[in-house]
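Here the structure is laid out as structure tokens; the discussion comes afterwards.
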Amino acid sequence: MSIKKKSLVLAVVTALFATLMTGCSSNNEQATDVTELTVYSGRSEEFIAPFFAQWESQSGIKLNIRYGDSAELAAQILEEGSNSPADLFLSQDAGSLGAVAEAGLFTQLSNEVASAIPAQYVAANRNWVGVTGRARVFAYAPDRVKVLPLSVADLTKSEYKNQVGIAPTNASFQAFVTALIENKGAEFAKSWLKALQANGVKIYAKNSAIVEAIDKGEISIGLVNHYYIWEVSEGLGRAINVKNGFFAPGDLGNLINVSGVGVLASSKKYKAAEDLINYLTGATTQAKFVADTHEYALVSGTAAPEGVPALDQIGAPSVDLSTLKNIKATQDLLIEVGLL
């Protein structure tokens, strides 16, 4: 056989081999994608399970879901590193997402993923995207709180002595304290926390417990997310003696945080993970989040939850959500002052 013919045969064989290998790789990826996904979810089962079930029904893909506290799941992912079995991490706050992102454990999402979510709710390098909006508020009893606070700093004043509730173990509270540290400094945050303690602040395990305590008359005001009044009222099946209040425009107490999601760089199931994210951030699901959970949709054109202002009417501070990643420093501070 001539050298020219040998070269031609070699080229054909090489091309066929490459095609076969590409086909096998594609089939393997497809087979992997359509089987199942593992999700670490910092959103509670009660909250997110119906949405997951709907996607499973539509996609035919099984979800293996591990539920837990967002900060704890982030710590677990950091410990597991590239060996994590998780394909996606769904967090209730940007801080936990940022901690995983900083460790380089998320993959960069393409521009086609969650394309309708505004840039301020997406990591700059697109390694995580926001899913829902959650505004920090002060919940209060309107018949007992006659002077509304204009700032979180006001809650250390004598008129609120023994009447304020917080939930230090809650990820959203920790994200707020992180924002306080980033914007006002660690010493300011420490002084504020110690002043709250000196003013008789009451400690609760979760935000809903704070709202329930206000309704019962145990306390009169508490720091929570905006949807807990609705959630507690729905659970009790009646109206409650609690309202949402907002601080003066620009105060850190009006922080808008997001629940969000990222895909682990170690996952081999990007296509399916991308589909799940697009489902969660699609217009139909976003509207359902508002109706069913009272959280804010992040896509434009969706109405705000009943009874609260639109996101752009809250007077939220300008905070880069990616700066909320240092949750360990926040937890260390809370331990130092005796709140954890």
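Every chain in the structure tokens has a letter given in the order shown (A, B, ...), and although residue numbers restart at 1 in each chain, ligands are simply numbered from 1 in the order shown.
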Backbone-only DSSP, strand (DSSP E or B) members of region 123-327 of chain A, as a VMD selection string: chain A and resid 129 to 140 164 to 166 202 to 203 221 to 225 243 to 245 256 to 264 296 to 297
Quick one: which region 136-228 of chain A residues come within 12 Å of region 296-299 of chain A, and what is the nearest atom pair for each with the distance in Å to one decimal, counting only C-alpha atoms, rows ordered by chain and ascending number, as a Markdown table?
```
| residue | atom | partner | partner_atom | distance |
| --- | --- | --- | --- | --- |
| A:Arg136 | CA | A:Tyr296 | CA | 11.9 |
| A:Asn225 | CA | A:Tyr296 | CA | 11.1 |
| A:His226 | CA | A:Tyr296 | CA | 9.5 |
| A:Tyr227 | CA | A:Tyr296 | CA | 9.1 |
```
Output file for the residues above (all heavy atoms, as a PDB file, in the first residue's frame):
```pdb
ATOM      1  N   ARG A 136     -35.487  41.784  54.494  1.00  0.00           N
ATOM      2  CA  ARG A 136     -35.430  41.858  55.951  1.00  0.00           C
ATOM      3  C   ARG A 136     -36.366  42.967  56.409  1.00  0.00           C
ATOM      4  O   ARG A 136     -36.458  44.037  55.787  1.00  0.00           O
ATOM      5  CB  ARG A 136     -34.006  42.156  56.421  1.00  0.00           C
ATOM      6  CG  ARG A 136     -33.013  41.058  56.126  1.00  0.00           C
ATOM      7  CD  ARG A 136     -33.324  39.787  56.885  1.00  0.00           C
ATOM      8  NE  ARG A 136     -33.094  39.918  58.328  1.00  0.00           N
ATOM      9  CZ  ARG A 136     -33.372  38.961  59.214  1.00  0.00           C
ATOM     10  NH1 ARG A 136     -33.913  37.826  58.815  1.00  0.00           N
ATOM     11  NH2 ARG A 136     -33.123  39.144  60.493  1.00  0.00           N
ATOM     12  N   ASN A 225     -37.629  37.839  58.115  1.00  0.00           N
ATOM     13  CA  ASN A 225     -37.875  38.079  56.696  1.00  0.00           C
ATOM     14  C   ASN A 225     -39.345  38.417  56.490  1.00  0.00           C
ATOM     15  O   ASN A 225     -40.205  38.035  57.291  1.00  0.00           O
ATOM     16  CB  ASN A 225     -37.502  36.864  55.865  1.00  0.00           C
ATOM     17  CG  ASN A 225     -36.003  36.636  55.798  1.00  0.00           C
ATOM     18  OD1 ASN A 225     -35.220  37.568  55.972  1.00  0.00           O
ATOM     19  ND2 ASN A 225     -35.597  35.399  55.565  1.00  0.00           N
ATOM     20  N   HIS A 226     -39.640  39.067  55.388  1.00  0.00           N
ATOM     21  CA  HIS A 226     -40.965  39.666  55.195  1.00  0.00           C
ATOM     22  C   HIS A 226     -42.116  38.673  55.150  1.00  0.00           C
ATOM     23  O   HIS A 226     -43.253  39.025  55.476  1.00  0.00           O
ATOM     24  CB  HIS A 226     -40.970  40.474  53.890  1.00  0.00           C
ATOM     25  CG  HIS A 226     -41.019  39.625  52.651  1.00  0.00           C
ATOM     26  ND1 HIS A 226     -39.891  39.085  52.063  1.00  0.00           N
ATOM     27  CD2 HIS A 226     -42.064  39.188  51.900  1.00  0.00           C
ATOM     28  CE1 HIS A 226     -40.235  38.380  51.003  1.00  0.00           C
ATOM     29  NE2 HIS A 226     -41.543  38.429  50.875  1.00  0.00           N
ATOM     30  N   TYR A 227     -41.879  37.415  54.758  1.00  0.00           N
ATOM     31  CA  TYR A 227     -42.977  36.483  54.497  1.00  0.00           C
ATOM     32  C   TYR A 227     -43.419  35.695  55.719  1.00  0.00           C
ATOM     33  O   TYR A 227     -44.382  34.926  55.651  1.00  0.00           O
ATOM     34  CB  TYR A 227     -42.584  35.510  53.380  1.00  0.00           C
ATOM     35  CG  TYR A 227     -41.239  34.862  53.583  1.00  0.00           C
ATOM     36  CD1 TYR A 227     -41.096  33.732  54.379  1.00  0.00           C
ATOM     37  CD2 TYR A 227     -40.112  35.392  52.988  1.00  0.00           C
ATOM     38  CE1 TYR A 227     -39.853  33.157  54.584  1.00  0.00           C
ATOM     39  CE2 TYR A 227     -38.858  34.819  53.169  1.00  0.00           C
ATOM     40  CZ  TYR A 227     -38.738  33.697  53.968  1.00  0.00           C
ATOM     41  OH  TYR A 227     -37.494  33.140  54.173  1.00  0.00           O
TER      42      TYR A 227
END
```
Test item: residues at most 9 Å from Glu231 (chain A), only C-alpha atoms, excluding those fewer than 3 positions along its chain, as a PyMOL selection string: chain A and resi 208+227-228+234-236+293-294
Polymer residues at most 10 Å from Asn183 (chain A), only C-alpha atoms, same-chain spacing of 3 or more positions, as a list in words: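 Listed by chain and then number, they are Val177, Thr178, Ala179, Leu180, Ala186, Phe188, Ala189, Leu252, Ser318, Val319 and Thr323 of chain A.
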Produce a file of the selected residues containing all heavy atoms, as a tab-separated table (two decimals), in the first residue's frame.
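Once everything was written out, this is selection32.tsv:
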```
chain	number	residue	atom	x	y	z
A	177	VAL	N	-26.04	40.11	59.62
A	177	VAL	CA	-24.90	40.51	60.46
A	177	VAL	C	-23.63	40.60	59.60
A	177	VAL	O	-22.80	41.49	59.79
A	177	VAL	CB	-24.70	39.53	61.63
A	177	VAL	CG1	-23.43	39.87	62.40
A	177	VAL	CG2	-25.91	39.58	62.57
A	178	THR	N	-23.50	39.70	58.63
A	178	THR	CA	-22.36	39.76	57.72
A	178	THR	C	-22.37	41.07	56.94
A	178	THR	O	-21.32	41.71	56.75
A	178	THR	CB	-22.38	38.57	56.74
A	178	THR	OG1	-22.43	37.35	57.47
A	178	THR	CG2	-21.14	38.57	55.85
A	179	ALA	N	-23.55	41.48	56.48
A	179	ALA	CA	-23.67	42.76	55.77
A	179	ALA	C	-23.29	43.91	56.70
A	179	ALA	O	-22.65	44.88	56.27
A	179	ALA	CB	-25.10	42.94	55.26
A	180	LEU	N	-23.67	43.79	57.96
A	180	LEU	CA	-23.33	44.81	58.96
A	180	LEU	C	-21.81	44.91	59.11
A	180	LEU	O	-21.24	46.01	59.15
A	180	LEU	CB	-23.99	44.46	60.29
A	180	LEU	CG	-24.34	45.58	61.27
A	180	LEU	CD1	-25.32	46.56	60.64
A	180	LEU	CD2	-24.92	45.00	62.55
A	186	ALA	N	-16.44	45.28	61.84
A	186	ALA	CA	-16.65	44.26	62.86
A	186	ALA	C	-16.90	44.86	64.24
A	186	ALA	O	-17.71	44.34	65.02
A	186	ALA	CB	-15.46	43.30	62.90
A	188	PHE	N	-18.34	47.75	64.97
A	188	PHE	CA	-19.71	48.26	65.03
A	188	PHE	C	-20.68	47.11	65.25
A	188	PHE	O	-21.59	47.20	66.10
A	188	PHE	CB	-20.06	49.00	63.74
A	188	PHE	CG	-21.48	49.52	63.70
A	188	PHE	CD1	-21.75	50.81	64.14
A	188	PHE	CD2	-22.53	48.73	63.26
A	188	PHE	CE1	-23.07	51.29	64.12
A	188	PHE	CE2	-23.83	49.19	63.24
A	188	PHE	CZ	-24.10	50.49	63.67
A	189	ALA	N	-20.51	46.03	64.48
A	189	ALA	CA	-21.41	44.88	64.60
A	189	ALA	C	-21.35	44.29	66.00
A	189	ALA	O	-22.38	43.95	66.60
A	189	ALA	CB	-21.05	43.83	63.55
A	252	LEU	N	-29.42	49.22	56.67
A	252	LEU	CA	-29.08	47.82	56.44
A	252	LEU	C	-30.15	46.85	56.92
A	252	LEU	O	-30.20	45.70	56.49
A	252	LEU	CB	-27.74	47.50	57.10
A	252	LEU	CG	-26.50	48.01	56.35
A	252	LEU	CD1	-25.27	47.90	57.23
A	252	LEU	CD2	-26.30	47.24	55.06
A	318	SER	N	-27.67	49.52	49.24
A	318	SER	CA	-26.90	48.99	48.11
A	318	SER	C	-25.83	48.06	48.65
A	318	SER	O	-24.82	48.51	49.19
A	318	SER	CB	-26.28	50.14	47.30
A	318	SER	OG	-25.52	49.63	46.22
A	319	VAL	N	-26.05	46.76	48.52
A	319	VAL	CA	-25.13	45.77	49.06
A	319	VAL	C	-24.80	44.76	47.97
A	319	VAL	O	-25.70	44.20	47.34
A	319	VAL	CB	-25.74	45.04	50.27
A	319	VAL	CG1	-24.85	43.89	50.73
A	319	VAL	CG2	-25.98	46.01	51.42
A	323	THR	N	-20.46	39.83	48.79
A	323	THR	CA	-19.65	40.14	49.97
A	323	THR	C	-20.16	39.44	51.23
A	323	THR	O	-19.53	39.52	52.28
A	323	THR	CB	-19.62	41.66	50.24
A	323	THR	OG1	-20.95	42.12	50.56
A	323	THR	CG2	-19.11	42.42	49.02
```
Of the listed residues A:Ala175, A:Ile219, A:Val113, A:Leu324, that which approaches Val261 (chain A) most closely, counting only C-alpha atoms: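 Comparing A:Ala175, A:Ile219, A:Val113, A:Leu324 against Val261 (chain A), the winner is A:Val113.
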Neighbour list for region 138-143 of chain A as a PyMOL selection string, cut-off 10 Å, only C-alpha atoms, skip fewer than 3 positions in-chain: chain A and resi 146-149+151-152+155+163-165+207+210-211+214-217+219-226+228-229+240-247+253-254
Written file, previous selection with N, CA and C atoms, as a compact mmCIF listing (two decimals), in the first residue's frame:
```txt
# COMPACT_ATOMS: atom_id res chain seq x y z
N LYS A 146 -45.46 51.98 69.67
CA LYS A 146 -45.96 53.30 69.29
C LYS A 146 -44.92 54.13 68.54
N VAL A 147 -43.64 53.85 68.80
CA VAL A 147 -42.55 54.56 68.10
C VAL A 147 -41.81 53.54 67.25
N LEU A 148 -41.94 53.66 65.93
CA LEU A 148 -41.30 52.70 65.04
C LEU A 148 -39.83 53.05 64.86
N PRO A 149 -38.96 52.06 64.88
CA PRO A 149 -37.53 52.33 64.71
C PRO A 149 -37.21 52.76 63.27
N SER A 151 -33.91 52.73 62.31
CA SER A 151 -32.69 52.00 62.00
C SER A 151 -32.56 50.81 62.94
N VAL A 152 -31.79 49.81 62.52
CA VAL A 152 -31.54 48.68 63.41
C VAL A 152 -30.83 49.16 64.68
N LEU A 155 -32.93 49.77 67.88
CA LEU A 155 -33.45 48.66 68.69
C LEU A 155 -32.71 48.48 70.00
N GLN A 163 -38.06 43.75 74.64
CA GLN A 163 -39.16 43.59 73.69
C GLN A 163 -38.73 43.15 72.30
N VAL A 164 -37.41 42.94 72.10
CA VAL A 164 -36.90 42.60 70.76
C VAL A 164 -36.52 41.13 70.69
N GLY A 165 -36.87 40.48 69.57
CA GLY A 165 -36.51 39.08 69.34
C GLY A 165 -35.62 38.91 68.12
N ASN A 207 -37.32 32.28 62.71
CA ASN A 207 -38.09 33.49 62.47
C ASN A 207 -39.57 33.33 62.79
N ILE A 210 -40.36 33.91 66.33
CA ILE A 210 -40.37 35.33 66.69
C ILE A 210 -41.74 35.93 66.42
N VAL A 211 -42.28 35.65 65.22
CA VAL A 211 -43.59 36.19 64.86
C VAL A 211 -44.67 35.66 65.81
N ILE A 214 -44.52 37.49 69.09
CA ILE A 214 -45.12 38.83 69.02
C ILE A 214 -46.63 38.72 69.11
N ASP A 215 -47.20 37.77 68.38
CA ASP A 215 -48.65 37.58 68.39
C ASP A 215 -49.15 37.21 69.78
N LYS A 216 -48.35 36.44 70.54
CA LYS A 216 -48.75 36.01 71.88
C LYS A 216 -48.52 37.09 72.93
N GLY A 217 -47.78 38.14 72.59
CA GLY A 217 -47.50 39.20 73.54
C GLY A 217 -46.23 39.00 74.34
N ILE A 219 -43.12 39.32 73.21
CA ILE A 219 -42.28 40.44 72.79
C ILE A 219 -43.12 41.33 71.88
N SER A 220 -42.57 42.46 71.47
CA SER A 220 -43.34 43.38 70.64
C SER A 220 -42.74 43.62 69.25
N ILE A 221 -41.47 43.23 69.07
CA ILE A 221 -40.81 43.53 67.80
C ILE A 221 -39.70 42.50 67.56
N GLY A 222 -39.43 42.18 66.29
CA GLY A 222 -38.39 41.21 66.00
C GLY A 222 -37.87 41.33 64.58
N LEU A 223 -36.64 40.89 64.38
CA LEU A 223 -36.02 40.94 63.05
C LEU A 223 -36.24 39.62 62.32
N VAL A 224 -36.95 39.70 61.19
CA VAL A 224 -37.30 38.50 60.43
C VAL A 224 -37.28 38.82 58.94
N ASN A 225 -37.63 37.84 58.12
CA ASN A 225 -37.88 38.08 56.70
C ASN A 225 -39.34 38.42 56.49
N HIS A 226 -39.64 39.07 55.39
CA HIS A 226 -40.96 39.67 55.19
C HIS A 226 -42.12 38.67 55.15
N TYR A 228 -42.75 35.87 56.86
CA TYR A 228 -43.09 35.04 58.01
C TYR A 228 -44.43 35.40 58.64
N ILE A 229 -44.85 36.64 58.52
CA ILE A 229 -46.18 36.99 59.04
C ILE A 229 -47.24 36.21 58.27
N ILE A 240 -53.21 37.56 62.52
CA ILE A 240 -52.40 37.69 63.73
C ILE A 240 -52.11 39.16 63.99
N ASN A 241 -51.76 39.45 65.23
CA ASN A 241 -51.52 40.83 65.65
C ASN A 241 -50.06 41.22 65.39
N VAL A 242 -49.66 41.11 64.13
CA VAL A 242 -48.28 41.40 63.73
C VAL A 242 -48.30 42.05 62.36
N LYS A 243 -47.48 43.08 62.19
CA LYS A 243 -47.31 43.73 60.90
C LYS A 243 -45.84 43.79 60.52
N ASN A 244 -45.58 43.97 59.22
CA ASN A 244 -44.22 44.20 58.75
C ASN A 244 -43.90 45.68 58.78
N GLY A 245 -42.70 46.01 59.22
CA GLY A 245 -42.23 47.39 59.19
C GLY A 245 -40.90 47.48 58.47
N PHE A 246 -40.65 48.61 57.83
CA PHE A 246 -39.38 48.85 57.17
C PHE A 246 -38.68 50.03 57.82
N PHE A 247 -37.36 49.94 57.88
CA PHE A 247 -36.56 51.03 58.43
C PHE A 247 -36.46 52.16 57.40
N GLY A 253 -31.02 47.35 57.79
CA GLY A 253 -32.14 46.52 58.23
C GLY A 253 -33.11 46.20 57.12
N ASN A 254 -33.03 46.90 56.00
CA ASN A 254 -33.90 46.65 54.84
C ASN A 254 -33.20 45.79 53.80
```
